[in-house]
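Undergrad: What follows is data_3.txt, made up of compact mmCIF, C-alpha atoms:
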```
# COMPACT_ATOMS: atom_id res chain seq x y z
CA MET A 94 -36.53 -8.92 -29.84
CA LYS A 95 -35.35 -5.51 -30.96
CA ALA A 96 -35.08 -4.28 -27.38
CA VAL A 97 -32.81 -7.16 -26.42
CA ASP A 98 -30.52 -6.56 -29.40
CA ASP A 99 -30.13 -2.92 -28.37
CA LEU A 100 -29.10 -3.81 -24.86
CA THR A 101 -25.45 -3.05 -24.15
CA SER A 102 -23.41 -5.26 -21.90
CA ASP A 103 -22.75 -2.20 -19.70
CA GLU A 104 -26.42 -1.76 -19.15
CA LEU A 105 -26.94 -5.41 -18.42
CA MET A 106 -24.13 -5.24 -15.89
CA ALA A 107 -25.67 -2.15 -14.30
CA TYR A 108 -28.89 -4.13 -14.06
CA ILE A 109 -27.20 -6.94 -12.19
CA ASP A 110 -25.44 -4.52 -9.86
CA GLY A 111 -28.67 -2.68 -9.07
CA GLU A 112 -27.50 0.56 -10.67
CA LEU A 113 -30.52 1.17 -12.94
CA ASP A 114 -33.46 3.38 -12.04
CA ASP A 115 -36.74 1.63 -11.24
CA ALA A 116 -38.39 2.13 -14.63
CA ARG A 117 -35.47 0.76 -16.61
CA ARG A 118 -35.00 -2.07 -14.17
CA GLN A 119 -38.59 -3.20 -14.65
CA GLU A 120 -38.13 -3.14 -18.43
CA LEU A 121 -35.12 -5.36 -18.09
CA ASP A 122 -36.93 -7.65 -15.69
CA ARG A 123 -39.46 -8.24 -18.50
CA MET A 124 -36.78 -8.77 -21.15
CA VAL A 125 -35.01 -11.30 -19.00
CA GLN A 126 -38.26 -13.19 -18.45
CA GLU A 127 -38.88 -13.32 -22.17
CA SER A 128 -35.41 -14.25 -23.34
CA PRO A 129 -33.91 -17.52 -22.10
CA ALA A 130 -30.48 -16.54 -23.47
CA LEU A 131 -30.53 -13.31 -21.51
CA ALA A 132 -31.78 -15.09 -18.42
CA HIS A 133 -28.94 -17.55 -18.78
CA ARG A 134 -26.36 -14.78 -18.89
CA VAL A 135 -27.85 -12.87 -15.98
CA GLU A 136 -27.93 -16.07 -14.01
CA ALA A 137 -24.25 -16.78 -14.77
CA TRP A 138 -23.23 -13.33 -13.52
CA ARG A 139 -25.36 -13.51 -10.40
CA GLU A 140 -23.96 -16.91 -9.61
CA GLN A 141 -20.44 -15.57 -10.10
CA THR A 142 -21.11 -12.70 -7.70
CA ALA A 143 -22.53 -15.05 -5.10
CA ARG A 144 -19.53 -17.39 -5.39
CA LEU A 145 -17.13 -14.48 -5.11
CA ARG A 146 -18.78 -13.22 -1.94
CA GLU A 147 -18.67 -16.66 -0.45
CA ALA A 148 -15.05 -17.29 -1.37
CA PHE A 149 -13.91 -13.97 0.09
CA SER A 150 -15.99 -13.97 3.25
CA PRO A 151 -14.00 -16.21 5.69
CA VAL A 152 -11.41 -13.47 6.32
CA LEU A 153 -14.17 -11.34 7.84
CA ASP A 154 -14.59 -13.89 10.63
CA GLU A 155 -10.91 -14.19 11.49
CA PRO A 156 -9.92 -12.71 14.84
CA VAL A 157 -8.43 -9.24 14.43
CA PRO A 158 -4.76 -9.08 15.53
CA THR A 159 -4.27 -6.87 18.58
CA ARG A 160 -1.68 -4.72 16.84
CA LEU A 161 -4.43 -3.58 14.47
CA LEU A 162 -6.77 -2.82 17.33
CA HIS A 163 -4.03 -0.72 18.90
CA SER A 164 -3.62 1.25 15.69
CA ALA A 165 -7.28 2.20 15.59
CA ARG A 166 -7.20 5.33 17.73
CA PRO A 167 -8.71 8.22 15.85
CA ARG A 168 -7.37 11.60 16.90
CA ARG A 169 -9.56 14.59 17.33
CA ASN A 170 -8.57 17.76 15.56
CA ARG A 171 -5.26 19.38 16.31
CA TRP A 172 -6.59 21.88 18.84
CA ALA A 173 -8.29 19.19 20.89
CA GLN A 174 -5.09 17.18 20.72
CA ALA A 175 -3.03 20.14 21.83
CA ALA A 176 -5.41 20.66 24.73
CA VAL A 177 -4.95 17.04 25.81
CA VAL A 178 -1.19 17.37 25.65
CA ALA A 179 -1.29 20.67 27.54
CA ALA A 180 -3.45 19.09 30.22
CA ALA A 181 -1.08 16.14 30.53
CA VAL A 182 1.93 18.44 30.77
CA GLY A 183 0.18 20.56 33.40
CA LEU A 184 -0.63 17.48 35.38
CA GLY A 185 2.92 16.21 35.05
CA ALA A 186 4.26 19.51 36.32
CA ALA A 187 1.85 19.47 39.24
CA VAL A 188 2.82 15.96 40.23
CA GLY A 189 6.45 16.91 39.97
CA SER A 190 9.02 16.32 37.28
CA MET A 191 10.18 13.04 38.63
CA THR A 192 9.99 10.82 35.60
CA ALA A 193 12.83 10.34 33.19
CA ARG A 194 10.49 11.12 30.33
CA TRP A 195 9.83 14.56 31.68
CA THR A 196 13.48 15.41 31.92
CA LEU A 197 14.30 13.73 28.63
CA ALA A 198 11.88 15.66 26.47
CA PRO A 199 13.53 19.11 26.62
CA ARG A 200 16.95 17.56 26.18
CA ALA A 201 15.85 15.78 23.00
CA GLU A 202 14.71 19.13 21.71
CA LEU A 203 18.07 20.63 22.53
CA ILE A 204 19.86 17.89 20.63
CA ALA A 205 17.57 18.32 17.64
CA ARG A 206 18.37 22.02 17.51
CA HIS A 207 21.98 21.16 16.84
CA ASP A 208 21.28 18.74 14.03
CA GLN A 209 23.22 19.72 10.94
CA PRO A 210 24.69 18.18 7.81
CA ASN A 211 27.97 17.42 9.61
CA ARG A 212 26.29 15.35 12.24
CA PHE A 213 24.28 13.56 9.59
CA LEU A 214 27.42 12.80 7.62
CA GLU A 215 29.20 11.54 10.72
CA GLN A 216 26.36 9.15 11.51
CA ALA A 217 26.25 7.88 7.94
CA ARG A 218 29.99 7.15 7.89
CA LEU A 219 29.91 5.54 11.28
CA ALA A 220 27.07 3.24 10.22
CA TYR A 221 29.00 2.33 7.08
CA ALA A 222 32.13 1.52 9.08
CA VAL A 223 30.26 -0.59 11.62
CA TYR A 224 28.10 -2.72 9.36
CA THR A 225 29.78 -3.23 5.97
CA PRO A 226 32.71 -5.34 7.27
CA ASP A 227 30.36 -7.78 8.98
CA PRO A 228 30.58 -10.97 6.91
CA ARG A 229 27.65 -12.81 8.43
CA ARG A 230 25.08 -10.25 9.43
CA PRO A 231 25.61 -7.01 7.53
CA VAL A 232 21.88 -6.27 7.43
CA GLU A 233 18.88 -6.85 9.63
CA VAL A 234 16.28 -7.58 6.97
CA ARG A 235 17.11 -9.12 3.63
CA ARG A 236 13.78 -9.57 1.87
CA ARG A 237 13.09 -6.41 -0.04
CA SER A 238 9.32 -6.32 0.25
CA ALA A 239 9.48 -6.78 4.02
CA LEU A 240 12.29 -4.25 4.25
CA VAL A 241 10.43 -1.60 2.29
CA THR A 242 7.18 -2.07 4.19
CA TRP A 243 8.96 -1.93 7.52
CA LEU A 244 11.14 1.08 6.76
CA THR A 245 8.29 2.94 5.11
CA ARG A 246 6.23 2.53 8.24
CA ARG A 247 8.98 3.44 10.66
CA MET A 248 10.28 6.37 8.65
CA GLY A 249 6.85 7.76 7.90
CA ARG A 250 7.51 8.14 4.18
CA PRO A 251 7.87 5.83 1.19
CA ILE A 252 11.33 4.29 1.21
CA ALA A 253 12.62 3.11 -2.15
CA ALA A 254 15.10 0.26 -2.21
CA PRO A 255 15.85 -0.52 -5.85
CA ASP A 256 17.06 -4.07 -6.41
CA GLU A 257 19.94 -2.87 -8.54
CA LEU A 258 22.02 0.26 -8.85
CA PRO A 259 24.59 1.19 -11.51
CA HIS A 260 27.97 -0.64 -11.68
CA GLY A 261 26.50 -4.01 -10.77
CA LEU A 262 25.46 -3.09 -7.26
CA GLU A 263 22.80 -5.40 -5.91
CA LEU A 264 20.67 -4.96 -2.82
CA ILE A 265 21.65 -7.10 0.17
CA GLY A 266 19.11 -5.64 2.59
CA GLY A 267 18.93 -2.96 5.21
CA ARG A 268 18.30 -1.91 8.76
CA LEU A 269 16.76 0.76 10.93
CA LEU A 270 19.20 2.86 13.00
CA PRO A 271 18.94 5.53 15.65
CA GLY A 272 19.23 8.95 14.04
CA MET A 273 17.82 11.94 15.85
CA PRO A 274 14.90 12.17 18.28
CA ASP A 275 11.77 11.31 16.26
CA HIS A 276 13.90 10.85 13.17
CA PRO A 277 15.14 7.29 12.87
CA ALA A 278 17.60 6.53 10.10
CA ALA A 279 17.60 3.78 7.49
CA GLN A 280 20.61 2.07 6.01
CA LEU A 281 20.43 0.08 2.77
CA MET A 282 23.37 -2.05 1.73
CA TYR A 283 24.49 -3.01 -1.77
CA GLN A 284 27.28 -5.21 -3.05
CA ASP A 285 29.00 -5.34 -6.42
CA PRO A 286 30.32 -8.49 -8.16
CA GLN A 287 33.78 -7.88 -6.62
CA GLY A 288 32.20 -8.02 -3.18
CA ARG A 289 32.59 -4.31 -2.48
CA ARG A 290 29.84 -2.94 -0.29
CA VAL A 291 28.14 0.41 -0.53
CA THR A 292 25.58 1.88 1.85
CA VAL A 293 22.76 4.34 1.43
CA TYR A 294 21.96 6.14 4.65
CA LEU A 295 18.96 8.42 4.98
CA ARG A 296 16.92 10.20 7.57
CA GLY A 297 14.80 13.25 8.10
CA MET A 298 16.69 16.27 9.41
CA ALA A 299 15.61 17.25 12.91
CA LYS A 300 15.39 20.92 12.04
CA PRO A 301 14.70 22.70 8.74
CA THR A 302 17.85 22.36 6.67
CA ALA A 303 18.63 24.05 3.37
CA PRO A 304 18.90 21.75 0.36
CA THR A 305 22.42 21.08 -0.89
CA ALA A 306 23.93 19.93 -4.15
CA PHE A 307 25.90 16.64 -4.19
CA ARG A 308 28.89 16.95 -1.87
CA ILE A 309 31.81 14.58 -1.76
CA VAL A 310 33.87 13.80 1.31
CA ASP A 311 36.90 11.53 0.95
CA GLY A 312 38.16 9.44 3.81
CA ARG A 313 40.95 6.91 4.06
CA HIS A 314 38.90 3.89 3.09
CA VAL A 315 35.61 5.41 2.17
CA THR A 316 34.19 8.15 0.02
CA THR A 317 30.83 9.61 0.94
CA LEU A 318 28.60 11.50 -1.39
CA TYR A 319 25.69 13.23 0.28
CA TRP A 320 22.90 15.68 -0.38
CA ILE A 321 19.94 17.20 1.41
CA ASP A 322 16.62 17.54 -0.32
CA ARG A 323 13.29 18.63 1.15
CA ASN A 324 14.66 18.28 4.63
CA TRP A 325 15.85 14.72 4.09
CA GLY A 326 19.50 13.79 4.13
CA TYR A 327 20.89 11.07 1.82
CA ALA A 328 24.42 9.72 2.04
CA LEU A 329 26.07 7.18 -0.21
CA SER A 330 29.27 5.67 1.17
CA GLY A 331 31.64 3.20 -0.41
CA ASN A 332 35.14 2.39 -1.38
CA LEU A 333 34.56 2.98 -5.09
CA PRO A 334 35.93 5.52 -7.58
CA ARG A 335 34.23 8.90 -7.32
CA GLU A 336 32.77 8.68 -10.83
CA GLN A 337 31.05 5.43 -9.99
CA LEU A 338 29.65 6.81 -6.76
CA LEU A 339 28.39 9.82 -8.64
CA ASP A 340 26.54 7.57 -11.12
CA VAL A 341 24.96 5.70 -8.25
CA SER A 342 23.99 8.94 -6.50
CA ARG A 343 22.31 10.23 -9.61
CA ALA A 344 20.29 7.05 -9.91
CA LEU A 345 19.27 7.27 -6.25
CA TYR A 346 18.45 10.93 -6.49
CA ARG A 347 16.15 10.29 -9.45
CA CYS A 348 14.54 7.39 -7.65
CA TYR A 349 13.83 9.39 -4.51
CA ALA A 350 12.81 12.60 -6.27
CA ARG A 351 10.23 10.59 -8.19
CA HIS A 352 8.88 8.70 -5.24
CA GLN A 353 8.84 11.30 -2.55
CA GLY A 354 5.32 10.59 -1.44
CA PRO A 355 2.77 12.35 0.75
CA GLY A 356 4.55 11.19 3.90
CA ALA A 357 7.69 13.15 3.01
CA GLU A 358 8.36 16.52 4.48
CA MET B 286 -21.09 5.28 18.33
CA ALA B 287 -17.63 6.36 19.39
CA SER B 288 -15.28 6.95 16.49
CA ARG B 289 -12.90 4.24 17.65
CA GLU B 290 -15.63 1.62 17.53
CA LEU B 291 -16.66 2.79 14.08
CA LEU B 292 -13.12 2.26 12.93
CA ILE B 293 -12.66 -1.12 14.59
CA GLU B 294 -15.82 -2.33 12.91
CA GLN B 295 -14.18 -1.74 9.54
CA ILE B 296 -10.98 -3.67 10.23
CA PRO B 297 -12.16 -7.04 8.86
CA HIS B 298 -13.15 -5.38 5.59
CA LEU B 299 -9.83 -3.57 5.41
CA ARG B 300 -8.02 -6.87 5.92
CA ARG B 301 -9.93 -8.41 3.08
CA TYR B 302 -9.21 -5.52 0.71
CA ALA B 303 -5.54 -5.59 1.73
CA ARG B 304 -5.30 -9.28 0.88
CA VAL B 305 -6.78 -8.70 -2.53
CA LEU B 306 -4.20 -5.93 -3.07
CA VAL B 307 -1.11 -7.54 -1.58
CA GLY B 308 -1.85 -11.17 -2.40
CA TYR B 309 -4.02 -13.70 -0.63
CA GLY B 310 -1.10 -15.84 0.47
CA ARG B 311 0.58 -12.92 2.26
CA ALA B 312 -1.62 -12.24 5.22
CA ASP B 313 1.11 -10.63 7.34
CA GLU B 314 2.10 -8.13 4.73
CA ALA B 315 -1.56 -7.41 4.09
CA ASP B 316 -1.99 -6.69 7.80
CA ASP B 317 0.99 -4.32 7.63
CA LEU B 318 -0.91 -2.41 4.99
CA VAL B 319 -4.02 -2.41 7.20
CA GLN B 320 -1.96 -1.03 10.06
CA ASP B 321 -0.52 1.72 7.88
CA THR B 322 -4.03 2.55 6.70
CA LEU B 323 -5.41 2.74 10.22
CA GLU B 324 -2.57 4.96 11.35
CA ARG B 325 -3.01 7.26 8.39
CA ALA B 326 -6.78 7.36 8.92
CA CYS B 327 -6.36 8.20 12.61
CA ALA B 328 -3.96 11.02 11.82
CA LYS B 329 -6.36 12.42 9.23
CA TRP B 330 -9.48 11.64 11.21
CA HIS B 331 -10.62 15.27 11.24
CA LEU B 332 -10.82 15.11 7.44
CA TRP B 333 -13.46 12.42 7.44
CA GLN B 334 -16.93 13.89 7.12
CA SER B 335 -19.34 11.74 9.08
CA HIS B 336 -22.10 12.04 6.48
CA ARG B 337 -19.93 10.01 4.11
CA SER B 338 -19.62 6.30 4.60
CA LEU B 339 -16.47 5.40 6.39
CA ARG B 340 -15.55 2.27 4.47
CA PRO B 341 -15.00 3.84 1.02
CA TRP B 342 -12.95 6.59 2.66
CA LEU B 343 -10.73 4.01 4.35
CA PHE B 344 -10.50 2.00 1.14
CA SER B 345 -9.27 5.05 -0.74
CA ILE B 346 -6.59 5.66 1.89
CA MET B 347 -5.49 2.05 1.57
CA HIS B 348 -5.51 2.14 -2.21
CA ASN B 349 -3.34 5.28 -2.25
CA LEU B 350 -0.90 3.92 0.31
CA PHE B 351 -0.56 0.70 -1.61
CA VAL B 352 0.01 2.44 -4.91
CA ASP B 353 2.60 4.78 -3.32
CA GLN B 354 4.46 1.93 -1.68
CA ARG B 355 4.39 -0.15 -4.82
CA MET B 356 5.61 2.74 -6.93
CA ALA B 357 8.35 3.42 -4.41
CA VAL B 358 9.55 -0.14 -4.66
CA SER B 359 9.52 -0.91 -8.32
CA GLY B 360 8.48 2.20 -10.19
CA SER B 361 5.57 0.29 -11.66
CA LEU B 362 2.47 -1.60 -10.68
CA GLU B 363 3.38 -4.77 -12.48
CA GLN B 364 3.15 -7.66 -10.14
CA SER B 365 5.80 -10.30 -10.04
CA LEU B 366 5.15 -13.99 -10.13
CA ASP B 367 6.21 -14.62 -6.58
CA GLU B 368 3.30 -12.49 -5.44
CA MET B 369 0.90 -15.14 -6.52
CA ALA B 370 1.48 -17.36 -3.55
CA GLU B 371 -0.94 -20.23 -3.10
CA PRO B 372 -3.69 -19.57 -0.61
CA LYS B 373 -3.55 -21.95 2.31
CA VAL B 374 -5.78 -25.01 2.11
CA ALA B 375 -7.29 -26.10 5.39
CA ALA B 376 -7.44 -29.87 5.73
CA GLY B 377 -10.74 -31.63 5.08
CA GLN B 378 -12.40 -28.75 3.32
CA GLU B 379 -13.37 -30.03 -0.10
CA ALA B 380 -16.07 -27.40 -0.34
CA ARG B 381 -13.37 -24.77 0.05
CA LEU B 382 -11.35 -26.09 -2.86
CA GLU B 383 -13.62 -24.43 -5.35
CA ALA B 384 -13.43 -21.19 -3.39
CA ILE B 385 -9.65 -21.41 -3.34
CA SER B 386 -9.45 -21.86 -7.07
CA LEU B 387 -11.75 -18.85 -7.45
CA ILE B 388 -9.53 -16.77 -5.16
CA GLN B 389 -6.57 -17.87 -7.26
CA SER B 390 -8.32 -16.77 -10.44
CA VAL B 391 -9.11 -13.38 -8.92
CA GLN B 392 -5.50 -13.08 -7.76
CA ASN B 393 -4.31 -13.67 -11.29
CA LEU B 394 -6.28 -10.72 -12.62
CA PRO B 395 -4.35 -7.46 -13.10
CA LEU B 396 -4.55 -5.22 -10.04
CA PRO B 397 -6.93 -2.59 -11.51
CA LEU B 398 -9.44 -5.30 -12.42
CA ARG B 399 -9.37 -7.17 -9.15
CA GLU B 400 -9.71 -3.98 -7.14
CA VAL B 401 -12.90 -3.00 -8.93
CA LEU B 402 -14.20 -6.54 -8.65
CA LEU B 403 -13.68 -6.51 -4.89
CA LEU B 404 -15.22 -3.10 -4.36
CA VAL B 405 -18.33 -3.67 -6.44
CA CYS B 406 -19.05 -7.41 -6.46
CA ILE B 407 -17.81 -8.35 -3.02
CA GLU B 408 -18.11 -5.19 -0.95
CA GLY B 409 -21.21 -4.04 -2.81
CA LEU B 410 -20.13 -0.44 -3.40
CA GLY B 411 -22.03 1.49 -6.06
CA TYR B 412 -20.22 2.45 -9.28
CA ARG B 413 -20.01 6.07 -8.17
CA GLU B 414 -18.56 5.18 -4.78
CA ALA B 415 -16.05 2.80 -6.35
CA ALA B 416 -15.01 5.52 -8.78
CA GLN B 417 -14.47 8.00 -5.94
CA THR B 418 -12.54 5.46 -3.93
CA LEU B 419 -10.10 4.74 -6.74
CA GLY B 420 -10.06 8.26 -8.15
CA ILE B 421 -11.10 7.14 -11.64
CA PRO B 422 -14.13 7.97 -13.84
CA MET B 423 -17.28 5.89 -13.50
CA GLY B 424 -16.98 4.69 -17.08
CA THR B 425 -13.59 3.23 -16.23
CA VAL B 426 -15.07 1.40 -13.27
CA MET B 427 -17.66 -0.16 -15.56
CA SER B 428 -15.27 -1.19 -18.27
CA ARG B 429 -12.84 -2.69 -15.76
CA LEU B 430 -15.64 -4.49 -14.04
CA SER B 431 -16.95 -6.00 -17.21
CA ARG B 432 -13.46 -7.11 -18.21
CA ALA B 433 -12.87 -8.60 -14.79
CA ARG B 434 -16.10 -10.53 -14.91
CA ALA B 435 -15.53 -11.76 -18.43
CA GLN B 436 -11.99 -12.92 -17.65
CA LEU B 437 -13.16 -14.64 -14.53
CA LEU B 438 -16.03 -16.40 -16.30
CA HIS B 439 -13.61 -17.44 -19.01
CA CYS B 440 -11.30 -18.83 -16.34
CA THR B 441 -13.90 -20.77 -14.40
CA GLU B 442 -15.67 -21.98 -17.51
CA GLY B 443 -12.38 -23.09 -18.95
CA LYS B 444 -12.15 -25.35 -15.93
CA THR B 445 -15.64 -26.81 -16.33
CA ALA B 446 -15.18 -26.90 -20.12
CA ALA B 447 -18.70 -25.63 -20.74
CA GLY B 448 -18.87 -23.48 -23.84
CA ARG B 449 -21.71 -21.00 -23.82
CA THR B 450 -22.55 -19.91 -27.32
CA SER B 451 -25.77 -18.34 -26.09
CA LEU B 452 -23.70 -15.57 -24.55
CA GLN B 453 -23.30 -14.10 -28.02
CA VAL B 454 -26.87 -12.81 -28.00
CA VAL B 455 -26.12 -9.59 -26.18
CA GLY B 456 -23.50 -7.53 -27.97
CA ARG B 457 -21.62 -4.48 -26.81
CA LYS B 458 -22.90 -1.38 -28.50
CA THR B 459 -20.09 0.56 -30.11
CA PRO B 460 -20.22 4.14 -28.93
```
Now, as a test, write the supplied structure out as structure tokens.
TA:
Amino acid sequence: MKAVDDLTSDELMAYIDGELDDARRQELDRMVQESPALAHRVEAWREQTARLREAFSPVLDEPVPTRLLHSARPRRNRWAQAAVVAAAVGLGAAVGSMTARWTLAPRAELIARHDQPNRFLEQARLAYAVYTPDPRRPVEVRRRSALVTWLTRRMGRPIAAPDELPHGLELIGGRLLPGMPDHPAAQLMYQDPQGRRVTVYLRGMAKPTAPTAFRIVDGRHVTTLYWIDRNWGYALSGNLPREQLLDVSRALYRCYARHQGPGAE
Amino acid sequence: MASRELLIEQIPHLRRYARVLVGYGRADEADDLVQDTLERACAKWHLWQSHRSLRPWLFSIMHNLFVDQRMAVSGSLEQSLDEMAEPKVAAGQEARLEAISLIQSVQNLPLPLREVLLLVCIEGLGYREAAQTLGIPMGTVMSRLSRARAQLLHCTEGKTAAGRTSLQVVGRKTP
């Protein structure tokens, strides 16, 4: 039984998974026939595989949700796509620019051209002022996993929402907000043990924008600390001492610098 | 076949992989991941070479998305206890009970092990294909697979309380 003793468990596994070449497979076939112990083990693994396939097969027969069917629309390459768009635009022009969409498109572009840090800051502070005082519904989604999945999909990049930030700030939840054309904004809200609320507002800039260092803007009831990195704007607003906000910003900055995924621009 | 049909054909398999990744009790979240994967695949469709099988390509997109999202959330791939939600039990399905306990055992395996188990044992991918899908060496696929199988056998045998001393016969050769 020398041959059996020399058999590694990796090789036996490769045998079961059909990964061996024909010659070696036939040798193992013989060994298994001759050794009841080996046969027993092979049988146990095969049975396990069969049971696994059976247990995990019902999902394959479930009806596919329509939203998934709608998402399955492969695009051709960029040139073909551009041609389709050009054709549609040409057709639209021929028919006459009667639809709102047709008149809206150039205007959206015009607005985007004027996007700048000031506008971003204004939106962030406005969103803070509107939503933090709301006692009952400060956020739209509370559960973090749902929030992250949703925002990540809508923003087109991984959105980090750490459960906790420095100075006892804990995540309450967040919401999606209008930002710029094609650049929705996200707001995350945190609360400290004294009940003070802080928001993180972020969105992609609508035109290429130079990165900035941390900047602080003081208001009457709110201080905002913001920065722009890789064409994304981040603003932290709250009624907390500057030093504390700076700590929080650093934590956020590290978090986002680390997790800026392939979807980020 | 038109590319859209090719893609639609893969959706059930993507849903299954997503459930193994996200958690079997969280079908909606798993479908969110499928949707993200489909959207990403459609946007990158020109990168898919039609001589390669479509399913492993889609699986690798899903794997990467999942890892990115998970890293973005927690900074690690450790799963929390609340992810191990109980799979739903349909009434009057005693035969399914065993399957459900098996699903539960798979769900309790660490993510890297259960991914390999799904790709090779359930989806029937070759070691090389599984390695490409996950972006890891083939040797890692094999060692994870053998650990997954051993842990699973241990689990299910623990339940039937059948010790198998005969399994000692085949040893692992030390390299």
Undergrad: Could you please tell me, as a PyMOL selection string, which residues of chain A have an atom within 7 Å of chain B when using all atoms listed in the file?
TA: chain A and resi 98+100-103+130+134+142+145-146+148+152-153+161-162+164-170+246+251-255+352+354
Undergrad: Give me a file of those residues, with C-alpha atoms, as a PDB file, in the coordinates of the input.
TA:
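Listing of out28.pdb after writing:
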```pdb
ATOM      1  CA  ASP A  98     -30.520  -6.560 -29.400  1.00  0.00           C
ATOM      2  CA  LEU A 100     -29.100  -3.810 -24.860  1.00  0.00           C
ATOM      3  CA  THR A 101     -25.450  -3.050 -24.150  1.00  0.00           C
ATOM      4  CA  SER A 102     -23.410  -5.260 -21.900  1.00  0.00           C
ATOM      5  CA  ASP A 103     -22.750  -2.200 -19.700  1.00  0.00           C
ATOM      6  CA  ALA A 130     -30.480 -16.540 -23.470  1.00  0.00           C
ATOM      7  CA  ARG A 134     -26.360 -14.780 -18.890  1.00  0.00           C
ATOM      8  CA  THR A 142     -21.110 -12.700  -7.700  1.00  0.00           C
ATOM      9  CA  LEU A 145     -17.130 -14.480  -5.110  1.00  0.00           C
ATOM     10  CA  ARG A 146     -18.780 -13.220  -1.940  1.00  0.00           C
ATOM     11  CA  ALA A 148     -15.050 -17.290  -1.370  1.00  0.00           C
ATOM     12  CA  VAL A 152     -11.410 -13.470   6.320  1.00  0.00           C
ATOM     13  CA  LEU A 153     -14.170 -11.340   7.840  1.00  0.00           C
ATOM     14  CA  LEU A 161      -4.430  -3.580  14.470  1.00  0.00           C
ATOM     15  CA  LEU A 162      -6.770  -2.820  17.330  1.00  0.00           C
ATOM     16  CA  SER A 164      -3.620   1.250  15.690  1.00  0.00           C
ATOM     17  CA  ALA A 165      -7.280   2.200  15.590  1.00  0.00           C
ATOM     18  CA  ARG A 166      -7.200   5.330  17.730  1.00  0.00           C
ATOM     19  CA  PRO A 167      -8.710   8.220  15.850  1.00  0.00           C
ATOM     20  CA  ARG A 168      -7.370  11.600  16.900  1.00  0.00           C
ATOM     21  CA  ARG A 169      -9.560  14.590  17.330  1.00  0.00           C
ATOM     22  CA  ASN A 170      -8.570  17.760  15.560  1.00  0.00           C
ATOM     23  CA  ARG A 246       6.230   2.530   8.240  1.00  0.00           C
ATOM     24  CA  PRO A 251       7.870   5.830   1.190  1.00  0.00           C
ATOM     25  CA  ILE A 252      11.330   4.290   1.210  1.00  0.00           C
ATOM     26  CA  ALA A 253      12.620   3.110  -2.150  1.00  0.00           C
ATOM     27  CA  ALA A 254      15.100   0.260  -2.210  1.00  0.00           C
ATOM     28  CA  PRO A 255      15.850  -0.520  -5.850  1.00  0.00           C
ATOM     29  CA  HIS A 352       8.880   8.700  -5.240  1.00  0.00           C
ATOM     30  CA  GLY A 354       5.320  10.590  -1.440  1.00  0.00           C
TER      31      GLY A 354
END
```
Undergrad: When you draw a straight line from CA of Thr418 (chain B) to CA of Ala143 (chain A), how long is it in Å?
TA: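 One can read the CA of Thr418 (chain B) to CA of Ala143 (chain A) distance as 22.8 Å.
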Undergrad: Which of these, A:Gln126, A:Asn324, A:Gln209, A:Ser330, has the shortest distance to Tyr224 (chain A) once you count only C-alpha atoms?
TA: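 Residue with the minimum atom-to-atom distance to Tyr224 (chain A): A:Ser330.
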Undergrad: To one decimal place, how far is CA of Val401 (chain B) from CA of Gly310 (chain B) in Å?
TA: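 Distance reported for this atom pair: 19.8 Å.
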Undergrad: Can you tell me which residues surround Pro341 (chain B) at a distance of at most 9 Å, considering all atoms listed in the file, apart from same-chain residues fewer than 5 positions away, and format the answer as an MDAnalysis selection string?
TA: chainID B and resid 346 404 410 414:415 417:418
Undergrad: Counting all atoms listed in the file, which residue out of A:Ala217, A:Ala116, A:Leu262, A:Leu281 sits closest to Leu244 (chain A)?
TA: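 Closest to Leu244 (chain A), using all atoms listed in the file: A:Leu281.
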Undergrad: Rounded to one decimal place, report the CA of Gly312 (chain A)-CA of Arg343 (chain A) distance in Å.
TA: 20.8 Å
Undergrad: Go through A:Gln284, A:Met298, A:Ala306, A:Arg237 and flag the residue nearest Pro259 (chain A), using only C-alpha atoms for the distances.
TA: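 Among the listed residues, the smallest separation from Pro259 (chain A) belongs to A:Gln284.
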Undergrad: Just need the box for region 300-307 of chain B, edges along x, y and z, holding every atom the file lists for it with 3 Å tacked onto each side, so centre and edge lengths in Å to one decimal, as lines of an AutoDock Vina configuration file.
TA:
```
center_x = -5.5
center_y = -7.4
center_z = 1.4
size_x = 14.8
size_y = 9.8
size_z = 15.0
```
